[in-house]
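The data block below is input06.pdb; it holds PDB, C-alpha atoms, pLDDT in the B column.
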```
ATOM      1  CA  MET A   1      -1.855   8.284 -21.721  1.00 75.00           C
ATOM      2  CA  PRO A   2      -4.290   5.613 -20.511  1.00 86.00           C
ATOM      3  CA  SER A   3      -7.996   6.413 -20.490  1.00 93.00           C
ATOM      4  CA  THR A   4     -10.641   5.265 -18.040  1.00 96.00           C
ATOM      5  CA  ASP A   5     -12.233   3.204 -20.836  1.00 97.00           C
ATOM      6  CA  GLU A   6      -8.949   1.518 -21.622  1.00 96.00           C
ATOM      7  CA  LEU A   7      -8.389   0.603 -17.968  1.00 97.00           C
ATOM      8  CA  LYS A   8     -11.943  -0.669 -17.624  1.00 98.00           C
ATOM      9  CA  GLN A   9     -11.638  -2.818 -20.735  1.00 98.00           C
ATOM     10  CA  ARG A  10      -8.293  -4.241 -19.727  1.00 98.00           C
ATOM     11  CA  ILE A  11      -9.491  -5.184 -16.239  1.00 98.00           C
ATOM     12  CA  GLU A  12     -12.673  -6.759 -17.578  1.00 98.00           C
ATOM     13  CA  ALA A  13     -10.742  -8.638 -20.274  1.00 98.00           C
ATOM     14  CA  ALA A  14      -8.166  -9.981 -17.834  1.00 97.00           C
ATOM     15  CA  ILE A  15     -10.556 -11.015 -15.062  1.00 97.00           C
ATOM     16  CA  PRO A  16     -13.375 -13.067 -16.566  1.00 94.00           C
ATOM     17  CA  GLY A  17     -16.810 -11.862 -15.532  1.00 94.00           C
ATOM     18  CA  ALA A  18     -15.428  -8.815 -13.747  1.00 97.00           C
ATOM     19  CA  ARG A  19     -17.158  -5.479 -13.801  1.00 98.00           C
ATOM     20  CA  ALA A  20     -14.968  -2.417 -13.457  1.00 98.00           C
ATOM     21  CA  ASP A  21     -15.920   1.199 -12.925  1.00 98.00           C
ATOM     22  CA  VAL A  22     -12.965   3.466 -13.473  1.00 98.00           C
ATOM     23  CA  THR A  23     -12.735   7.170 -12.768  1.00 97.00           C
ATOM     24  CA  ASP A  24      -9.931   9.605 -13.396  1.00 95.00           C
ATOM     25  CA  LEU A  25      -9.342  11.196  -9.998  1.00 91.00           C
ATOM     26  CA  THR A  26      -7.536  14.303 -11.174  1.00 88.00           C
ATOM     27  CA  GLY A  27      -8.448  14.569 -14.850  1.00 88.00           C
ATOM     28  CA  GLY A  28      -4.759  14.239 -15.582  1.00 88.00           C
ATOM     29  CA  GLY A  29      -4.896  10.711 -16.963  1.00 90.00           C
ATOM     30  CA  ASP A  30      -2.552   9.219 -14.390  1.00 88.00           C
ATOM     31  CA  HIS A  31      -4.429   8.967 -11.075  1.00 92.00           C
ATOM     32  CA  PHE A  32      -7.272   6.507 -11.343  1.00 96.00           C
ATOM     33  CA  ARG A  33      -9.764   4.884  -9.066  1.00 96.00           C
ATOM     34  CA  ALA A  34     -11.334   1.550  -9.950  1.00 97.00           C
ATOM     35  CA  THR A  35     -14.127  -0.363  -8.305  1.00 98.00           C
ATOM     36  CA  VAL A  36     -13.900  -3.953  -9.453  1.00 98.00           C
ATOM     37  CA  THR A  37     -16.517  -6.605  -8.774  1.00 98.00           C
ATOM     38  CA  ALA A  38     -15.714 -10.199  -9.656  1.00 98.00           C
ATOM     39  CA  ALA A  39     -16.883 -13.645  -8.674  1.00 97.00           C
ATOM     40  CA  GLU A  40     -13.330 -14.954  -8.609  1.00 96.00           C
ATOM     41  CA  PHE A  41     -12.473 -12.674  -5.669  1.00 97.00           C
ATOM     42  CA  ALA A  42     -14.433 -15.040  -3.440  1.00 97.00           C
ATOM     43  CA  GLY A  43     -12.119 -16.652  -0.942  1.00 96.00           C
ATOM     44  CA  LEU A  44      -9.275 -14.195  -1.608  1.00 96.00           C
ATOM     45  CA  SER A  45      -8.045 -11.717   0.979  1.00 95.00           C
ATOM     46  CA  ARG A  46      -8.269  -8.015   0.170  1.00 95.00           C
ATOM     47  CA  ILE A  47      -4.546  -8.021  -0.511  1.00 96.00           C
ATOM     48  CA  GLU A  48      -4.919 -10.874  -2.981  1.00 97.00           C
ATOM     49  CA  GLN A  49      -7.897  -9.226  -4.674  1.00 97.00           C
ATOM     50  CA  HIS A  50      -5.947  -6.008  -5.170  1.00 97.00           C
ATOM     51  CA  ARG A  51      -2.873  -7.907  -6.367  1.00 97.00           C
ATOM     52  CA  ARG A  52      -5.051  -9.577  -8.974  1.00 97.00           C
ATOM     53  CA  VAL A  53      -6.071  -6.180 -10.376  1.00 97.00           C
ATOM     54  CA  TYR A  54      -2.599  -4.640 -10.109  1.00 97.00           C
ATOM     55  CA  ALA A  55      -1.241  -7.649 -12.005  1.00 96.00           C
ATOM     56  CA  VAL A  56      -3.294  -6.612 -15.038  1.00 97.00           C
ATOM     57  CA  PHE A  57      -1.055  -3.556 -15.402  1.00 96.00           C
ATOM     58  CA  GLY A  58       2.300  -4.847 -14.181  1.00 94.00           C
ATOM     59  CA  ALA A  59       5.029  -2.239 -14.331  1.00 91.00           C
ATOM     60  CA  GLU A  60       2.648   0.421 -15.663  1.00 94.00           C
ATOM     61  CA  ILE A  61       1.589   0.974 -12.043  1.00 92.00           C
ATOM     62  CA  GLY A  62       3.916   3.621 -10.730  1.00 85.00           C
ATOM     63  CA  GLY A  63       4.862   4.456 -14.305  1.00 87.00           C
ATOM     64  CA  PRO A  64       2.277   5.798 -16.782  1.00 90.00           C
ATOM     65  CA  ILE A  65      -0.425   4.915 -14.272  1.00 92.00           C
ATOM     66  CA  HIS A  66       0.925   6.874 -11.339  1.00 89.00           C
ATOM     67  CA  ALA A  67      -1.783   5.709  -8.978  1.00 90.00           C
ATOM     68  CA  LEU A  68      -4.594   3.203  -9.186  1.00 95.00           C
ATOM     69  CA  SER A  69      -6.785   3.367  -6.141  1.00 95.00           C
ATOM     70  CA  LEU A  70      -8.839   0.193  -5.740  1.00 97.00           C
ATOM     71  CA  VAL A  71     -12.030  -1.019  -4.196  1.00 96.00           C
ATOM     72  CA  THR A  72     -12.674  -4.698  -4.823  1.00 97.00           C
ATOM     73  CA  LYS A  73     -15.919  -6.522  -4.197  1.00 97.00           C
ATOM     74  CA  VAL A  74     -16.932 -10.120  -4.457  1.00 97.00           C
ATOM     75  CA  GLN A  75     -19.728 -10.618  -6.933  1.00 92.00           C
ATOM     76  CA  ALA A  76     -22.672 -12.006  -5.013  1.00 84.00           C
TER      77      ALA A  76
ATOM     78  CA  MET B   1      20.780 -18.910  -8.237  1.00 53.00           C
ATOM     79  CA  SER B   2      23.848 -16.851  -7.707  1.00 50.00           C
ATOM     80  CA  ASP B   3      23.060 -14.700  -4.794  1.00 62.00           C
ATOM     81  CA  THR B   4      24.813 -11.453  -4.857  1.00 74.00           C
ATOM     82  CA  SER B   5      24.472  -9.712  -1.549  1.00 87.00           C
ATOM     83  CA  ASN B   6      21.631  -7.289  -1.415  1.00 93.00           C
ATOM     84  CA  PRO B   7      22.064  -5.020   1.600  1.00 95.00           C
ATOM     85  CA  ILE B   8      18.997  -2.923   0.852  1.00 96.00           C
ATOM     86  CA  ARG B   9      16.746  -5.951   0.668  1.00 96.00           C
ATOM     87  CA  ASP B  10      18.297  -7.300   3.865  1.00 97.00           C
ATOM     88  CA  ALA B  11      17.800  -3.985   5.644  1.00 97.00           C
ATOM     89  CA  ILE B  12      14.147  -3.851   4.567  1.00 98.00           C
ATOM     90  CA  ASN B  13      13.513  -7.412   5.708  1.00 97.00           C
ATOM     91  CA  GLU B  14      15.188  -6.657   9.007  1.00 97.00           C
ATOM     92  CA  ALA B  15      13.152  -3.502   9.516  1.00 98.00           C
ATOM     93  CA  ILE B  16       9.928  -5.406   8.811  1.00 98.00           C
ATOM     94  CA  ALA B  17      10.920  -8.154  11.228  1.00 98.00           C
ATOM     95  CA  GLU B  18      12.000  -5.782  13.985  1.00 97.00           C
ATOM     96  CA  HIS B  19       8.963  -3.522  14.065  1.00 97.00           C
ATOM     97  CA  GLU B  20       5.509  -4.681  14.961  1.00 97.00           C
ATOM     98  CA  VAL B  21       3.994  -1.874  12.909  1.00 98.00           C
ATOM     99  CA  ILE B  22       6.007  -0.314  10.119  1.00 98.00           C
ATOM    100  CA  LEU B  23       4.940   1.980   7.314  1.00 98.00           C
ATOM    101  CA  PHE B  24       6.924   2.470   4.130  1.00 98.00           C
ATOM    102  CA  MET B  25       5.887   5.824   2.761  1.00 98.00           C
ATOM    103  CA  LYS B  26       6.813   8.840   0.684  1.00 97.00           C
ATOM    104  CA  GLY B  27       8.131  11.471   3.075  1.00 97.00           C
ATOM    105  CA  THR B  28       7.822  11.288   6.833  1.00 98.00           C
ATOM    106  CA  PRO B  29       4.794  11.038   9.134  1.00 98.00           C
ATOM    107  CA  GLU B  30       5.315  14.728   9.959  1.00 97.00           C
ATOM    108  CA  ALA B  31       5.772  15.731   6.317  1.00 98.00           C
ATOM    109  CA  PRO B  32       4.255  13.186   3.937  1.00 97.00           C
ATOM    110  CA  ARG B  33       5.154  13.824   0.317  1.00 97.00           C
ATOM    111  CA  CYS B  34       2.142  12.100  -1.236  1.00 94.00           C
ATOM    112  CA  GLY B  35      -1.569  12.233  -0.472  1.00 94.00           C
ATOM    113  CA  PHE B  36      -1.842   8.454  -0.199  1.00 95.00           C
ATOM    114  CA  SER B  37       0.939   8.319   2.374  1.00 97.00           C
ATOM    115  CA  ALA B  38      -0.655  11.221   4.239  1.00 97.00           C
ATOM    116  CA  ARG B  39      -4.010   9.453   4.430  1.00 97.00           C
ATOM    117  CA  THR B  40      -2.444   6.270   5.711  1.00 98.00           C
ATOM    118  CA  VAL B  41      -0.532   8.144   8.420  1.00 98.00           C
ATOM    119  CA  ALA B  42      -3.753   9.956   9.359  1.00 97.00           C
ATOM    120  CA  ALA B  43      -5.568   6.625   9.877  1.00 97.00           C
ATOM    121  CA  LEU B  44      -2.769   5.313  12.087  1.00 97.00           C
ATOM    122  CA  ASP B  45      -2.591   8.578  14.024  1.00 97.00           C
ATOM    123  CA  ALA B  46      -6.353   8.598  14.532  1.00 96.00           C
ATOM    124  CA  LEU B  47      -5.999   5.293  16.369  1.00 96.00           C
ATOM    125  CA  GLY B  48      -3.045   6.548  18.376  1.00 95.00           C
ATOM    126  CA  ALA B  49      -0.952   3.774  16.901  1.00 95.00           C
ATOM    127  CA  THR B  50       2.786   3.759  17.406  1.00 96.00           C
ATOM    128  CA  PHE B  51       4.578   2.852  14.225  1.00 97.00           C
ATOM    129  CA  ALA B  52       7.963   2.959  12.613  1.00 98.00           C
ATOM    130  CA  ALA B  53       8.173   4.771   9.305  1.00 98.00           C
ATOM    131  CA  VAL B  54      10.585   4.494   6.419  1.00 98.00           C
ATOM    132  CA  ASP B  55      10.820   7.185   3.773  1.00 98.00           C
ATOM    133  CA  ILE B  56      11.336   5.395   0.460  1.00 97.00           C
ATOM    134  CA  LEU B  57      12.120   8.541  -1.523  1.00 97.00           C
ATOM    135  CA  PRO B  58      15.823   9.046  -0.775  1.00 96.00           C
ATOM    136  CA  ASP B  59      16.885   5.985  -2.771  1.00 95.00           C
ATOM    137  CA  PRO B  60      14.816   4.468  -5.615  1.00 94.00           C
ATOM    138  CA  ARG B  61      16.242   1.052  -4.798  1.00 96.00           C
ATOM    139  CA  ILE B  62      14.269   0.988  -1.543  1.00 97.00           C
ATOM    140  CA  ARG B  63      10.976   1.050  -3.402  1.00 95.00           C
ATOM    141  CA  GLN B  64      12.203  -1.435  -5.969  1.00 95.00           C
ATOM    142  CA  GLU B  65      13.351  -3.942  -3.366  1.00 97.00           C
ATOM    143  CA  LEU B  66      10.324  -3.379  -1.149  1.00 97.00           C
ATOM    144  CA  SER B  67       7.918  -4.111  -4.002  1.00 95.00           C
ATOM    145  CA  ALA B  68       9.919  -7.202  -4.896  1.00 95.00           C
ATOM    146  CA  ILE B  69       9.654  -8.443  -1.308  1.00 96.00           C
ATOM    147  CA  SER B  70       5.996  -7.606  -0.825  1.00 97.00           C
ATOM    148  CA  ASN B  71       4.676  -8.275  -4.338  1.00 95.00           C
ATOM    149  CA  TRP B  72       2.847  -4.975  -4.043  1.00 96.00           C
ATOM    150  CA  PRO B  73       3.430  -2.237  -6.602  1.00 94.00           C
ATOM    151  CA  THR B  74       2.482   0.963  -4.817  1.00 94.00           C
ATOM    152  CA  ILE B  75       3.493   3.096  -1.847  1.00 96.00           C
ATOM    153  CA  PRO B  76       2.575   3.357   1.012  1.00 97.00           C
ATOM    154  CA  GLN B  77       2.778  -0.171   2.392  1.00 98.00           C
ATOM    155  CA  LEU B  78       1.821  -1.017   5.960  1.00 98.00           C
ATOM    156  CA  PHE B  79       3.220  -4.121   7.631  1.00 98.00           C
ATOM    157  CA  VAL B  80       1.953  -5.462  10.935  1.00 97.00           C
ATOM    158  CA  ARG B  81       3.863  -8.267  12.617  1.00 97.00           C
ATOM    159  CA  GLY B  82       5.737  -9.009   9.427  1.00 97.00           C
ATOM    160  CA  GLU B  83       2.670  -9.213   7.196  1.00 96.00           C
ATOM    161  CA  LEU B  84       1.662  -6.760   4.503  1.00 98.00           C
ATOM    162  CA  VAL B  85      -1.686  -5.295   5.529  1.00 97.00           C
ATOM    163  CA  GLY B  86      -2.052  -3.116   2.451  1.00 97.00           C
ATOM    164  CA  GLY B  87      -1.684   0.310   0.989  1.00 97.00           C
ATOM    165  CA  CYS B  88      -3.756   3.429   1.408  1.00 97.00           C
ATOM    166  CA  ASP B  89      -6.991   1.924   0.053  1.00 96.00           C
ATOM    167  CA  ILE B  90      -7.010  -1.147   2.263  1.00 97.00           C
ATOM    168  CA  VAL B  91      -5.801   0.727   5.362  1.00 97.00           C
ATOM    169  CA  THR B  92      -8.530   3.323   4.852  1.00 96.00           C
ATOM    170  CA  GLU B  93     -11.151   0.620   4.321  1.00 95.00           C
ATOM    171  CA  LEU B  94      -9.998  -1.215   7.458  1.00 96.00           C
ATOM    172  CA  TYR B  95      -9.978   2.019   9.428  1.00 96.00           C
ATOM    173  CA  GLU B  96     -13.510   2.857   8.383  1.00 95.00           C
ATOM    174  CA  SER B  97     -14.799  -0.612   9.210  1.00 95.00           C
ATOM    175  CA  GLY B  98     -13.057  -0.604  12.593  1.00 94.00           C
ATOM    176  CA  GLU B  99     -10.877  -3.573  11.661  1.00 95.00           C
ATOM    177  CA  LEU B 100      -7.665  -1.556  11.637  1.00 96.00           C
ATOM    178  CA  ALA B 101      -7.736  -1.120  15.409  1.00 96.00           C
ATOM    179  CA  GLN B 102      -8.060  -4.889  15.756  1.00 94.00           C
ATOM    180  CA  THR B 103      -5.251  -5.535  13.304  1.00 94.00           C
ATOM    181  CA  LEU B 104      -3.025  -3.113  15.187  1.00 95.00           C
ATOM    182  CA  GLY B 105      -4.124  -4.405  18.563  1.00 89.00           C
ATOM    183  CA  VAL B 106      -5.109  -0.954  19.829  1.00 86.00           C
ATOM    184  CA  GLU B 107      -8.268   0.263  21.500  1.00 77.00           C
ATOM    185  CA  ALA B 108     -10.727   1.395  18.867  1.00 65.00           C
ATOM    186  CA  PRO B 109     -11.197   5.110  19.569  1.00 60.00           C
ATOM    187  CA  ALA B 110      -7.884   5.811  21.238  1.00 45.00           C
ATOM    188  CA  ALA B 111      -8.549   9.305  22.432  1.00 47.00           C
ATOM    189  CA  ASP B 112      -5.465  10.925  23.842  1.00 47.00           C
ATOM    190  CA  ALA B 113      -2.817   8.303  23.322  1.00 44.00           C
ATOM    191  CA  ALA B 114      -0.684  10.516  21.125  1.00 47.00           C
ATOM    192  CA  GLU B 115       2.754   9.263  22.032  1.00 48.00           C
ATOM    193  CA  ALA B 116       6.034  10.544  20.808  1.00 48.00           C
ATOM    194  CA  GLU B 117       6.505   9.118  17.351  1.00 52.00           C
ATOM    195  CA  PRO B 118       9.756   7.354  16.636  1.00 57.00           C
ATOM    196  CA  ALA B 119      12.057   9.168  14.287  1.00 61.00           C
ATOM    197  CA  PRO B 120      11.728   8.027  10.693  1.00 66.00           C
ATOM    198  CA  MET B 121      14.084   5.233   9.905  1.00 73.00           C
ATOM    199  CA  GLN B 122      16.744   5.524   7.296  1.00 73.00           C
ATOM    200  CA  ILE B 123      17.423   2.300   5.499  1.00 72.00           C
ATOM    201  CA  GLU B 124      20.681   3.768   4.194  1.00 68.00           C
ATOM    202  CA  ASN B 125      21.939   4.322   7.719  1.00 62.00           C
ATOM    203  CA  ARG B 126      21.613   0.657   8.407  1.00 62.00           C
ATOM    204  CA  LEU B 127      23.889  -0.290   5.568  1.00 57.00           C
ATOM    205  CA  ALA B 128      27.380  -1.092   6.662  1.00 47.00           C
TER     206      ALA B 128
END
```

Is it possible to express this structure as structure tokens?
Amino acid sequence: MPSTDELKQRIEAAIPGARADVTDLTGGGDHFRATVTAAEFAGLSRIEQHRRVYAVFGAEIGGPIHALSLVTKVQA
Amino acid sequence: MSDTSNPIRDAINEAIAEHEVILFMKGTPEAPRCGFSARTVAALDALGATFAAVDILPDPRIRQELSAISNWPTIPQLFVRGELVGGCDIVTELYESGELAQTLGVEAPAADAAEAEPAPMQIENRLA
């Protein structure tokens, strides 16, 4: 079962310079919410920014990670 | 590549092309089966938007093919004029910022424009 720390570390490792804050929405270890701030989001649409984060987890989204709710921000 | 016919993918592509606003969701607009789908429907309803809806639950292949087409892993997925707008998070963000009305081409606070919603579409019914 993934933990908020694990998700945070994986996002930050995969997206250089990113900062991720991850919360477990239900306490059940499968519905998460992540706020991700990264410089490389500049110039990307929201869709592309979210795809970038979803790509970190591939097929785990919808599987062990039932839901990953995202807010992405461009690092100023 | 050997292209085996893929009627589900074709039906999804057709549905996206034929409907200006189409939501792929879990359940129906009247009875959503997931909180994220429910929130997305609520945002569209709040703007009085008319949209087609497809319930992806009856056949797991619908979700599989949809995600392959859209390169988007989660449900719901809202398409406007053939383009993926986003899932629950983005639709909610756009709703809150007022951009969703623009994207949908509706008046911002559509007060009493609650029109009869089209019946949910069944991808399976479109398969020959």

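Proximity to chain A at a cut-off of 10 Å picks out Phe36, Asn71, Trp72, Pro73, Thr74, Ile75, Leu84, Val85, Gly86, Gly87, Cys88, Asp89, Ile90 and Glu93 of chain B on chain B, counting all atoms listed in the file.
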
Task: Residue members of the PyMOL selection byres ((chain A and resi 6-19) around 10) in the file shown, as an MDAnalysis selection string - done: chainID A and resid 1:5 20:23 32:41 52:57 65 68 73:75

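Here atom CA of Leu57 of chain B is placed at a distance of 23.2 Å from atom CA of Leu25 of chain A.
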
TODO: Write out as a list in words each polymer residue whose atoms come within 10 Å of Ile22 of chain B, counting only C-alpha atoms; drop sequence neighbours fewer than 6 positions from it.
DONE: Ala15, Ile16, Thr50, Phe51, Ala52, Ala53, Val54, Gln77, Leu78, Phe79, Val80, Arg81, Gly82, Glu83, Leu84 and Met121 of chain B

TODO: Considering all atoms listed in the file, state which residue in the set B:Ile123, B:Leu66, B:Val41, B:Ala49 is at the smallest distance from Glu20 of chain B.
DONE: B:Ala49

- [ ] Would you please work out which residue, of B:Ile62, B:Ile56, B:Ala68, B:Ile8, is nearest to Cys34 of chain B when using only C-alpha atoms?
- [x] B:Ile56

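Pairwise distance (atom CA of Val91 of chain B, atom CA of Glu14 of chain B) equals 22.5 Å.
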
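Between atom CA of Ala101 of chain B and atom CA of Ala42 of chain B lies a distance of 13.2 Å.
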